[in-house]
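To start, the structure itself, in structure tokens.
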2 protein chains.
Amino acid sequence: MSEAKSAEPRPYHHGDLRRALIDAARRLLEAEGPSALSLRAVAREAGVSPAAPYHHFKDKSELLDAVAHEGWETLGAQMAEAKSGAEGRAQLTALGIAYVCFARDNPALYRVMYDAVRDKEALPEDIHDKDDSAYCMVRDTLIEQGADPAAEAHLELATIAAWCAGHGLAEMAGFTQFAPLKEALGGERRFLEAVFEHMGLFQHPPGAC
Amino acid sequence: MSEAKSAEPRPYHHGDLRRALIDAARRLLEAEGPSALSLRAVAREAGVSPAAPYHHFKDKSELLDAVAHEGWETLGAQMAEAKSGAEGRAQLTALGIAYVCFARDNPALYRVMYDAVRDKEALPEDIHDKDDSAYCMVRDTLIEQGADPAAEAHLELATIAAWCAGHGLAEMAGFTQFAPLKEALGGERRFLEAVFEHMGLFQHPPGAC
DNA sequence: ATGGCATCTGGACGGTGCTCAGATATGAAA
DNA sequence: TTTCATATCTGAGCACCGTCCAGATGCCAT
């Protein structure tokens, strides 16, 4: 109302059902978990018929892609913020911790995000190619810390290694088996830092080996 | 027929429907992918009614757990074989490569295995606690290579880091974006070795930092 | 031979993704 | 302003799903 986007492809009956559906999906996801996220439930939540979404998304997976897309944007923003709050080599660890914390705080959304990735055979543009994507942010940080941008293979390997660390930890950090260890190390953050420190790329200059 | 297990909890009508259902599920999984793996389809494949499986599994997820269980056993065996074919520090890399190759060669099964893990809040016994499980094999190998078994926190951190590397790579190695890099490095195996080498734990003595 | 019981079937219920004909609202053309 | 093509939405329907239940079926111990 206060800020109507006048030049957009105008909404017809509902207002902006596409937007409403994505929001409804995120609401459902947070409240009921990923298994409750059916297309019909989303339509119900948005107050439309079960067939309405098909005028805005080709099928269910396209809706989930849209939800995932926003998730990657949010994650990217949180990582950028974490990076700007750290200095030097600590920036890499800060990125990793932000990544894992996002997954911990939005487990259902993170699952949808990665399920969408798994269904493709390539990392989508959101993640891999865009300049402010999570993947590029890691790579750029490696460069800022001394990695040689000309040594493309080396740089890419280091980025992959870092990404594996983040994603692996995101899926493992919550397991109850590690609760005592977290306790012993003085909390979740210390635990994450400690694991990242075990990865060479976080503790040695990335171009040094 | 040739080798009937006589002392087992005797099969009644079908012979051994539980076994047959698991086999049918694995067959379907390989042929049609994870999305085709419905309980009804499994029953159909095994030649029984849709309700029959409920006398052997509480629900669908329990069947999938059984399939996943066998998957972890197979993976453990392949890792053990890979380890025995390597010497010294190369054993760790061999374990990692065996892990990733298993995931590449059995993508649908690997997905079922990890989906089953994700639905729990702890790593199941198959993976984490049993002596010949994948997780313990990594930990034991770290010990054999000089990690101090008494420094429990340190040892567990290193194991977690290695596990994250393996799992992360298992999910990323297939992305098309990395095809040129694999090419440049001289094949998939070289690529995997190179990524593992970027992880400190694979290249430095695990107790050294 | 009989009875008990694990096993399996057929049918049913509510839910799902998706399609399609038809109703409805809209912005643009006449 | 009236008309009209078109985007949007609905309701009904299809095939499939996971799960449950009453009852039929076959095995085993008695």
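Ordered as shown in the structure tokens, chains take letters A, B, and onward, while each chain numbers its residues from 1 and ligands are numbered from 1 in the order shown.
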Hey, which bits of chain B sit within 10 Å of chain C, and for each residue what's the closest pair of atoms and how far apart in Å (one decimal), counting only C-alpha atoms (C1' of nucleotides), rows by chain and increasing number, as a tab-separated table?
residue	atom	partner	partner_atom	distance
B:Pro11	CA	C:DT7	C1'	9.3
B:Tyr12	CA	C:DT7	C1'	6.7
B:His13	CA	C:DT7	C1'	6.3
B:His14	CA	C:DT7	C1'	8.5
B:Leu17	CA	C:DT7	C1'	10.0
B:Val48	CA	C:DC8	C1'	8.0
B:Ser49	CA	C:DT9	C1'	6.5
B:Pro50	CA	C:DT9	C1'	9.0
B:Ala51	CA	C:DT9	C1'	7.9
B:Ala52	CA	C:DC8	C1'	5.9
B:Pro53	CA	C:DC8	C1'	9.4
B:His55	CA	C:DT7	C1'	7.4
B:His56	CA	C:DT7	C1'	9.8
I'm after chain A in the frame of chain B: fit it by least squares over all Cα atoms matched in order, and give me the output as a short mmCIF file (atom, residue, chain, number, x, y, z; two decimals) with C-alpha atoms, in the first residue's frame.
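Output contents, as saved in superposed04.cif:
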data_model
loop_
_atom_site.label_atom_id
_atom_site.label_comp_id
_atom_site.auth_asym_id
_atom_site.auth_seq_id
_atom_site.Cartn_x
_atom_site.Cartn_y
_atom_site.Cartn_z
CA MET A 1 17.62 -73.71 -1.23
CA SER A 2 21.22 -74.73 -1.02
CA GLU A 3 21.77 -72.88 2.23
CA ALA A 4 18.51 -72.64 4.13
CA LYS A 5 18.84 -70.94 7.47
CA SER A 6 16.95 -73.48 9.52
CA ALA A 7 17.14 -71.92 12.95
CA GLU A 8 15.88 -68.46 11.94
CA PRO A 9 12.44 -67.10 12.85
CA ARG A 10 10.69 -69.14 10.20
CA PRO A 11 9.07 -67.53 7.15
CA TYR A 12 5.41 -68.32 6.70
CA HIS A 13 3.61 -67.65 3.47
CA HIS A 14 6.00 -65.88 1.22
CA GLY A 15 9.27 -67.39 2.22
CA ASP A 16 11.02 -64.30 3.52
CA LEU A 17 9.06 -61.26 2.58
CA ARG A 18 11.14 -58.91 4.67
CA ARG A 19 14.24 -59.82 2.71
CA ALA A 20 12.32 -59.74 -0.57
CA LEU A 21 11.01 -56.26 0.17
CA ILE A 22 14.43 -54.86 0.89
CA ASP A 23 15.77 -56.39 -2.30
CA ALA A 24 12.83 -55.07 -4.29
CA ALA A 25 13.44 -51.63 -2.84
CA ARG A 26 17.11 -51.68 -3.82
CA ARG A 27 16.19 -52.89 -7.31
CA LEU A 28 13.65 -50.11 -7.72
CA LEU A 29 16.04 -47.56 -6.31
CA GLU A 30 18.73 -48.40 -8.80
CA ALA A 31 16.34 -48.61 -11.74
CA GLU A 32 14.01 -45.68 -11.14
CA GLY A 33 15.63 -43.41 -8.60
CA PRO A 34 14.58 -42.34 -5.13
CA SER A 35 11.38 -40.59 -6.16
CA ALA A 36 9.95 -43.85 -7.50
CA LEU A 37 10.51 -45.61 -4.21
CA SER A 38 6.97 -45.80 -2.83
CA LEU A 39 5.89 -48.50 -0.45
CA ARG A 40 3.22 -49.58 -2.91
CA ALA A 41 5.73 -49.81 -5.75
CA VAL A 42 8.00 -51.93 -3.58
CA ALA A 43 5.11 -54.25 -2.73
CA ARG A 44 4.21 -54.44 -6.41
CA GLU A 45 7.80 -55.24 -7.33
CA ALA A 46 7.83 -57.99 -4.71
CA GLY A 47 4.49 -59.32 -5.94
CA VAL A 48 2.43 -58.75 -2.81
CA SER A 49 -0.45 -56.53 -1.81
CA PRO A 50 0.17 -52.93 -0.71
CA ALA A 51 -0.64 -53.82 2.89
CA ALA A 52 1.70 -56.78 3.18
CA PRO A 53 4.83 -54.78 4.08
CA TYR A 54 3.17 -53.52 7.25
CA HIS A 55 3.63 -56.93 8.82
CA HIS A 56 7.39 -56.56 8.53
CA PHE A 57 7.95 -52.82 8.88
CA LYS A 58 6.15 -50.35 11.09
CA ASP A 59 5.96 -47.85 8.27
CA LYS A 60 7.72 -46.72 5.14
CA SER A 61 10.59 -45.05 6.93
CA GLU A 62 11.41 -48.29 8.72
CA LEU A 63 11.79 -50.02 5.36
CA LEU A 64 14.03 -47.22 4.17
CA ASP A 65 16.03 -47.54 7.38
CA ALA A 66 16.63 -51.18 6.57
CA VAL A 67 17.75 -50.32 3.05
CA ALA A 68 20.00 -47.59 4.42
CA HIS A 69 21.44 -49.99 6.99
CA GLU A 70 22.59 -52.35 4.25
CA GLY A 71 23.98 -49.38 2.37
CA TRP A 72 26.16 -48.40 5.34
CA GLU A 73 27.36 -51.98 5.61
CA THR A 74 28.36 -52.03 1.96
CA LEU A 75 30.05 -48.66 2.29
CA GLY A 76 31.95 -49.85 5.36
CA ALA A 77 33.16 -52.92 3.50
CA GLN A 78 34.32 -50.90 0.53
CA MET A 79 36.16 -48.48 2.77
CA ALA A 80 37.84 -51.31 4.63
CA GLU A 81 38.97 -52.78 1.34
CA ALA A 82 40.31 -49.42 0.17
CA LYS A 83 42.19 -48.96 3.42
CA SER A 84 43.83 -52.34 3.20
CA GLY A 85 45.03 -51.47 -0.28
CA ALA A 86 46.97 -48.43 0.92
CA GLU A 87 49.85 -47.73 3.29
CA GLY A 88 50.58 -45.17 5.93
CA ARG A 89 49.13 -41.73 5.53
CA ALA A 90 47.63 -42.60 2.15
CA GLN A 91 45.12 -44.77 3.99
CA LEU A 92 43.13 -41.73 5.07
CA THR A 93 42.86 -40.41 1.55
CA ALA A 94 41.95 -43.90 0.37
CA LEU A 95 39.10 -43.98 2.87
CA GLY A 96 37.86 -40.62 1.67
CA ILE A 97 38.05 -41.57 -1.96
CA ALA A 98 36.22 -44.84 -1.33
CA TYR A 99 33.51 -42.90 0.45
CA VAL A 100 33.03 -40.44 -2.38
CA CYS A 101 33.16 -43.13 -5.06
CA PHE A 102 30.49 -45.10 -3.28
CA ALA A 103 28.25 -42.05 -3.29
CA ARG A 104 28.99 -41.47 -6.97
CA ASP A 105 28.29 -45.07 -7.95
CA ASN A 106 25.15 -45.42 -5.81
CA PRO A 107 23.64 -41.95 -5.81
CA ALA A 108 20.08 -43.07 -5.10
CA LEU A 109 21.14 -45.38 -2.30
CA TYR A 110 23.42 -42.76 -0.81
CA ARG A 111 20.55 -40.31 -0.80
CA VAL A 112 18.31 -42.76 1.02
CA MET A 113 21.10 -43.42 3.50
CA TYR A 114 21.62 -39.78 4.34
CA ASP A 115 17.93 -38.93 4.30
CA ALA A 116 17.47 -41.57 6.96
CA VAL A 117 20.23 -39.93 8.99
CA ARG A 118 18.75 -36.46 8.60
CA ASP A 119 15.43 -37.63 10.01
CA LYS A 120 17.10 -38.56 13.27
CA GLU A 121 18.84 -36.22 15.64
CA ALA A 122 21.80 -38.52 16.14
CA LEU A 123 24.07 -40.57 13.94
CA PRO A 124 22.67 -44.11 14.01
CA GLU A 125 24.65 -46.92 15.57
CA ASP A 126 25.54 -48.35 12.14
CA ILE A 127 27.59 -45.33 11.37
CA HIS A 128 28.92 -44.00 14.60
CA ASP A 129 29.26 -46.71 17.24
CA LYS A 130 29.91 -50.09 15.69
CA ASP A 131 33.58 -50.97 15.45
CA ASP A 132 33.58 -51.53 11.70
CA SER A 133 31.41 -48.53 10.93
CA ALA A 134 32.62 -45.85 8.57
CA TYR A 135 33.01 -43.28 11.32
CA CYS A 136 35.02 -45.56 13.60
CA MET A 137 37.20 -46.65 10.73
CA VAL A 138 38.24 -43.06 10.12
CA ARG A 139 38.88 -42.50 13.81
CA ASP A 140 40.93 -45.68 14.17
CA THR A 141 42.98 -44.77 11.14
CA LEU A 142 43.74 -41.39 12.66
CA ILE A 143 44.96 -43.18 15.80
CA GLU A 144 47.11 -45.58 13.81
CA GLN A 145 48.77 -42.60 12.23
CA GLY A 146 49.79 -41.00 15.44
CA ALA A 147 46.78 -39.23 16.91
CA ASP A 148 46.74 -39.57 20.67
CA PRO A 149 43.74 -41.72 21.64
CA ALA A 150 43.81 -40.13 25.08
CA ALA A 151 43.18 -36.67 23.64
CA GLU A 152 39.57 -37.53 23.03
CA ALA A 153 38.36 -34.08 22.09
CA HIS A 154 41.14 -33.61 19.58
CA LEU A 155 40.60 -37.01 18.07
CA GLU A 156 36.90 -36.53 17.73
CA LEU A 157 37.34 -33.12 16.13
CA ALA A 158 39.70 -34.57 13.56
CA THR A 159 37.27 -37.37 12.79
CA ILE A 160 34.43 -34.92 12.38
CA ALA A 161 36.53 -32.78 10.09
CA ALA A 162 37.38 -35.79 7.94
CA TRP A 163 33.78 -36.90 7.81
CA CYS A 164 32.66 -33.43 6.75
CA ALA A 165 35.20 -33.50 3.97
CA GLY A 166 33.96 -36.84 2.71
CA HIS A 167 30.30 -36.07 2.89
CA GLY A 168 30.67 -32.60 1.44
CA LEU A 169 32.69 -33.90 -1.46
CA ALA A 170 30.25 -36.74 -2.01
CA GLU A 171 27.54 -34.21 -2.64
CA MET A 172 29.59 -31.74 -4.64
CA ALA A 173 31.90 -33.86 -6.74
CA GLY A 174 29.30 -34.47 -9.42
CA PHE A 175 28.41 -30.87 -10.20
CA THR A 176 29.06 -29.94 -13.80
CA GLN A 177 30.83 -26.74 -12.78
CA PHE A 178 33.79 -28.80 -11.65
CA ALA A 179 34.14 -30.87 -14.80
CA PRO A 180 36.80 -28.57 -16.33
CA LEU A 181 38.78 -28.67 -13.12
CA LYS A 182 38.67 -32.46 -13.04
CA GLU A 183 39.80 -32.50 -16.62
CA ALA A 184 42.66 -30.11 -15.85
CA LEU A 185 43.83 -32.18 -12.90
CA GLY A 186 43.83 -35.41 -14.88
CA GLY A 187 40.66 -37.19 -13.88
CA GLU A 188 38.23 -37.67 -11.06
CA ARG A 189 40.62 -39.44 -8.74
CA ARG A 190 43.26 -36.73 -8.98
CA PHE A 191 40.56 -34.17 -8.33
CA LEU A 192 39.43 -35.92 -5.17
CA GLU A 193 42.97 -36.36 -3.93
CA ALA A 194 43.64 -32.69 -4.54
CA VAL A 195 40.63 -31.58 -2.52
CA PHE A 196 41.51 -33.91 0.33
CA GLU A 197 45.02 -32.55 0.30
CA HIS A 198 43.60 -29.11 0.93
CA MET A 199 42.27 -30.35 4.22
CA GLY A 200 44.94 -30.13 6.86
CA LEU A 201 44.12 -33.41 8.49
CA PHE A 202 45.02 -35.32 5.38
CA GLN A 203 48.38 -33.77 4.85
CA HIS A 204 49.75 -33.02 8.30
CA PRO A 205 50.19 -35.49 11.14
CA PRO A 206 46.83 -35.36 12.89
CA GLY A 207 48.37 -34.67 16.28
CA ALA A 208 50.72 -31.97 15.12
CA CYS A 209 48.73 -28.77 15.56
#
Please identify every residue of chain D that has at least one atom no farther than 12 Å from an atom of chain B, counting only C-alpha atoms (C1' of nucleotides), and for each give the shortest atom pair and the distance in Å to one decimal, arranged by chain then increasing number, as CSV.
residue,atom,partner,partner_atom,distance
D:DC16,C1',B:Arg40,CA,9.4
D:DC17,C1',B:Ser38,CA,7.5
D:DG18,C1',B:Leu39,CA,7.7
D:DT19,C1',B:Asp59,CA,8.2
D:DC20,C1',B:Ala51,CA,8.9
D:DC21,C1',B:Ala51,CA,10.4
D:DT25,C1',B:His13,CA,8.9
D:DG26,C1',B:His13,CA,6.8
D:DC27,C1',B:Tyr12,CA,6.5
D:DC28,C1',B:Tyr12,CA,9.9
Could you give me the residues within range 9-205 of chain B that DSSP places in alpha helix (DSSP H), as a PDB file with C-alpha atoms, in the first residue's frame?
ATOM      1  CA  LEU B  17       9.110 -61.270   2.650  1.00  0.00           C
ATOM      2  CA  ARG B  18      11.184 -58.909   4.743  1.00  0.00           C
ATOM      3  CA  ARG B  19      14.294 -59.835   2.783  1.00  0.00           C
ATOM      4  CA  ALA B  20      12.367 -59.746  -0.509  1.00  0.00           C
ATOM      5  CA  LEU B  21      11.028 -56.270   0.224  1.00  0.00           C
ATOM      6  CA  ILE B  22      14.457 -54.859   0.949  1.00  0.00           C
ATOM      7  CA  ASP B  23      15.810 -56.404  -2.240  1.00  0.00           C
ATOM      8  CA  ALA B  24      12.863 -55.092  -4.232  1.00  0.00           C
ATOM      9  CA  ALA B  25      13.457 -51.638  -2.798  1.00  0.00           C
ATOM     10  CA  ARG B  26      17.135 -51.700  -3.771  1.00  0.00           C
ATOM     11  CA  ARG B  27      16.236 -52.907  -7.246  1.00  0.00           C
ATOM     12  CA  LEU B  28      13.672 -50.138  -7.679  1.00  0.00           C
ATOM     13  CA  LEU B  29      16.053 -47.578  -6.267  1.00  0.00           C
ATOM     14  CA  GLU B  30      18.740 -48.422  -8.758  1.00  0.00           C
ATOM     15  CA  ALA B  31      16.365 -48.631 -11.709  1.00  0.00           C
ATOM     16  CA  GLU B  32      14.013 -45.703 -11.100  1.00  0.00           C
ATOM     17  CA  LEU B  39       5.879 -48.521  -0.434  1.00  0.00           C
ATOM     18  CA  ARG B  40       3.232 -49.617  -2.900  1.00  0.00           C
ATOM     19  CA  ALA B  41       5.748 -49.868  -5.710  1.00  0.00           C
ATOM     20  CA  VAL B  42       8.024 -51.955  -3.537  1.00  0.00           C
ATOM     21  CA  ALA B  43       5.151 -54.284  -2.677  1.00  0.00           C
ATOM     22  CA  ARG B  44       4.231 -54.505  -6.366  1.00  0.00           C
ATOM     23  CA  GLU B  45       7.837 -55.303  -7.263  1.00  0.00           C
ATOM     24  CA  ALA B  46       7.880 -58.035  -4.633  1.00  0.00           C
ATOM     25  CA  LYS B  60       7.690 -46.741   5.158  1.00  0.00           C
ATOM     26  CA  SER B  61      10.552 -45.046   6.934  1.00  0.00           C
ATOM     27  CA  GLU B  62      11.383 -48.280   8.744  1.00  0.00           C
ATOM     28  CA  LEU B  63      11.785 -50.026   5.405  1.00  0.00           C
ATOM     29  CA  LEU B  64      14.014 -47.218   4.215  1.00  0.00           C
ATOM     30  CA  ASP B  65      16.004 -47.513   7.431  1.00  0.00           C
ATOM     31  CA  ALA B  66      16.616 -51.166   6.642  1.00  0.00           C
ATOM     32  CA  VAL B  67      17.742 -50.307   3.109  1.00  0.00           C
ATOM     33  CA  ALA B  68      19.980 -47.574   4.475  1.00  0.00           C
ATOM     34  CA  HIS B  69      21.413 -49.965   7.050  1.00  0.00           C
ATOM     35  CA  GLU B  70      22.585 -52.328   4.323  1.00  0.00           C
ATOM     36  CA  GLY B  71      23.975 -49.374   2.441  1.00  0.00           C
ATOM     37  CA  TRP B  72      26.145 -48.384   5.393  1.00  0.00           C
ATOM     38  CA  GLU B  73      27.349 -51.964   5.690  1.00  0.00           C
ATOM     39  CA  THR B  74      28.350 -52.035   2.038  1.00  0.00           C
ATOM     40  CA  LEU B  75      30.041 -48.671   2.345  1.00  0.00           C
ATOM     41  CA  GLY B  76      31.938 -49.838   5.412  1.00  0.00           C
ATOM     42  CA  ALA B  77      33.137 -52.920   3.583  1.00  0.00           C
ATOM     43  CA  GLN B  78      34.311 -50.914   0.593  1.00  0.00           C
ATOM     44  CA  MET B  79      36.147 -48.488   2.830  1.00  0.00           C
ATOM     45  CA  ALA B  80      37.824 -51.314   4.692  1.00  0.00           C
ATOM     46  CA  GLU B  81      38.961 -52.789   1.410  1.00  0.00           C
ATOM     47  CA  ALA B  82      40.299 -49.443   0.224  1.00  0.00           C
ATOM     48  CA  LYS B  83      42.176 -48.964   3.471  1.00  0.00           C
ATOM     49  CA  SER B  84      43.820 -52.355   3.277  1.00  0.00           C
ATOM     50  CA  ALA B  90      47.614 -42.628   2.187  1.00  0.00           C
ATOM     51  CA  GLN B  91      45.114 -44.782   4.026  1.00  0.00           C
ATOM     52  CA  LEU B  92      43.135 -41.761   5.100  1.00  0.00           C
ATOM     53  CA  THR B  93      42.872 -40.439   1.586  1.00  0.00           C
ATOM     54  CA  ALA B  94      41.952 -43.927   0.409  1.00  0.00           C
ATOM     55  CA  LEU B  95      39.092 -43.994   2.899  1.00  0.00           C
ATOM     56  CA  GLY B  96      37.853 -40.633   1.704  1.00  0.00           C
ATOM     57  CA  ILE B  97      38.030 -41.598  -1.937  1.00  0.00           C
ATOM     58  CA  ALA B  98      36.215 -44.862  -1.291  1.00  0.00           C
ATOM     59  CA  TYR B  99      33.495 -42.917   0.483  1.00  0.00           C
ATOM     60  CA  VAL B 100      33.034 -40.466  -2.362  1.00  0.00           C
ATOM     61  CA  CYS B 101      33.158 -43.165  -5.022  1.00  0.00           C
ATOM     62  CA  PHE B 102      30.481 -45.139  -3.235  1.00  0.00           C
ATOM     63  CA  ALA B 103      28.249 -42.073  -3.259  1.00  0.00           C
ATOM     64  CA  ARG B 104      28.979 -41.501  -6.945  1.00  0.00           C
ATOM     65  CA  ASP B 105      28.271 -45.118  -7.902  1.00  0.00           C
ATOM     66  CA  PRO B 107      23.619 -41.984  -5.778  1.00  0.00           C
ATOM     67  CA  ALA B 108      20.070 -43.086  -5.065  1.00  0.00           C
ATOM     68  CA  LEU B 109      21.130 -45.392  -2.252  1.00  0.00           C
ATOM     69  CA  TYR B 110      23.422 -42.759  -0.778  1.00  0.00           C
ATOM     70  CA  ARG B 111      20.548 -40.320  -0.768  1.00  0.00           C
ATOM     71  CA  VAL B 112      18.298 -42.765   1.057  1.00  0.00           C
ATOM     72  CA  MET B 113      21.085 -43.414   3.535  1.00  0.00           C
ATOM     73  CA  TYR B 114      21.602 -39.775   4.359  1.00  0.00           C
ATOM     74  CA  ASP B 115      17.900 -38.926   4.324  1.00  0.00           C
ATOM     75  CA  ALA B 116      17.455 -41.552   6.992  1.00  0.00           C
ATOM     76  CA  VAL B 117      20.223 -39.897   9.004  1.00  0.00           C
ATOM     77  CA  ARG B 118      18.733 -36.441   8.605  1.00  0.00           C
ATOM     78  CA  GLU B 125      24.612 -46.870  15.619  1.00  0.00           C
ATOM     79  CA  ASP B 126      25.509 -48.323  12.193  1.00  0.00           C
ATOM     80  CA  ILE B 127      27.566 -45.308  11.411  1.00  0.00           C
ATOM     81  CA  HIS B 128      28.899 -43.976  14.644  1.00  0.00           C
ATOM     82  CA  ALA B 134      32.605 -45.827   8.598  1.00  0.00           C
ATOM     83  CA  TYR B 135      32.990 -43.265  11.344  1.00  0.00           C
ATOM     84  CA  CYS B 136      34.997 -45.531  13.629  1.00  0.00           C
ATOM     85  CA  MET B 137      37.187 -46.633  10.762  1.00  0.00           C
ATOM     86  CA  VAL B 138      38.204 -43.038  10.142  1.00  0.00           C
ATOM     87  CA  ARG B 139      38.858 -42.486  13.830  1.00  0.00           C
ATOM     88  CA  ASP B 140      40.892 -45.651  14.189  1.00  0.00           C
ATOM     89  CA  THR B 141      42.959 -44.760  11.165  1.00  0.00           C
ATOM     90  CA  LEU B 142      43.717 -41.376  12.679  1.00  0.00           C
ATOM     91  CA  ILE B 143      44.921 -43.146  15.812  1.00  0.00           C
ATOM     92  CA  GLU B 144      47.065 -45.554  13.849  1.00  0.00           C
ATOM     93  CA  GLU B 152      39.527 -37.454  23.023  1.00  0.00           C
ATOM     94  CA  ALA B 153      38.350 -34.006  22.061  1.00  0.00           C
ATOM     95  CA  HIS B 154      41.127 -33.568  19.571  1.00  0.00           C
ATOM     96  CA  LEU B 155      40.581 -36.976  18.059  1.00  0.00           C
ATOM     97  CA  GLU B 156      36.865 -36.480  17.710  1.00  0.00           C
ATOM     98  CA  LEU B 157      37.342 -33.086  16.106  1.00  0.00           C
ATOM     99  CA  ALA B 158      39.687 -34.560  13.548  1.00  0.00           C
ATOM    100  CA  THR B 159      37.247 -37.349  12.784  1.00  0.00           C
ATOM    101  CA  ILE B 160      34.421 -34.896  12.371  1.00  0.00           C
ATOM    102  CA  ALA B 161      36.522 -32.762  10.063  1.00  0.00           C
ATOM    103  CA  ALA B 162      37.384 -35.777   7.929  1.00  0.00           C
ATOM    104  CA  TRP B 163      33.779 -36.878   7.812  1.00  0.00           C
ATOM    105  CA  CYS B 164      32.654 -33.426   6.732  1.00  0.00           C
ATOM    106  CA  ALA B 165      35.204 -33.500   3.951  1.00  0.00           C
ATOM    107  CA  GLY B 166      33.973 -36.845   2.698  1.00  0.00           C
ATOM    108  CA  HIS B 167      30.302 -36.060   2.888  1.00  0.00           C
ATOM    109  CA  GLY B 168      30.679 -32.603   1.417  1.00  0.00           C
ATOM    110  CA  LEU B 169      32.700 -33.926  -1.479  1.00  0.00           C
ATOM    111  CA  ALA B 170      30.249 -36.765  -2.012  1.00  0.00           C
ATOM    112  CA  GLU B 171      27.553 -34.219  -2.642  1.00  0.00           C
ATOM    113  CA  MET B 172      29.608 -31.772  -4.652  1.00  0.00           C
ATOM    114  CA  ALA B 179      34.152 -30.947 -14.844  1.00  0.00           C
ATOM    115  CA  PRO B 180      36.821 -28.679 -16.377  1.00  0.00           C
ATOM    116  CA  LEU B 181      38.808 -28.756 -13.165  1.00  0.00           C
ATOM    117  CA  LYS B 182      38.691 -32.559 -13.069  1.00  0.00           C
ATOM    118  CA  GLU B 183      39.834 -32.598 -16.649  1.00  0.00           C
ATOM    119  CA  ALA B 184      42.679 -30.228 -15.889  1.00  0.00           C
ATOM    120  CA  LEU B 185      43.845 -32.298 -12.933  1.00  0.00           C
ATOM    121  CA  GLU B 188      38.233 -37.752 -11.065  1.00  0.00           C
ATOM    122  CA  ARG B 189      40.631 -39.530  -8.730  1.00  0.00           C
ATOM    123  CA  ARG B 190      43.262 -36.825  -8.986  1.00  0.00           C
ATOM    124  CA  PHE B 191      40.570 -34.254  -8.359  1.00  0.00           C
ATOM    125  CA  LEU B 192      39.439 -35.993  -5.189  1.00  0.00           C
ATOM    126  CA  GLU B 193      42.991 -36.438  -3.951  1.00  0.00           C
ATOM    127  CA  ALA B 194      43.656 -32.773  -4.574  1.00  0.00           C
ATOM    128  CA  VAL B 195      40.656 -31.640  -2.560  1.00  0.00           C
ATOM    129  CA  PHE B 196      41.533 -33.955   0.299  1.00  0.00           C
ATOM    130  CA  GLU B 197      45.054 -32.609   0.260  1.00  0.00           C
ATOM    131  CA  HIS B 198      43.634 -29.169   0.856  1.00  0.00           C
ATOM    132  CA  GLY B 200      44.920 -30.125   6.804  1.00  0.00           C
ATOM    133  CA  LEU B 201      44.098 -33.406   8.435  1.00  0.00           C
ATOM    134  CA  PHE B 202      45.007 -35.325   5.340  1.00  0.00           C
ATOM    135  CA  GLN B 203      48.363 -33.792   4.820  1.00  0.00           C
TER     136      GLN B 203
END
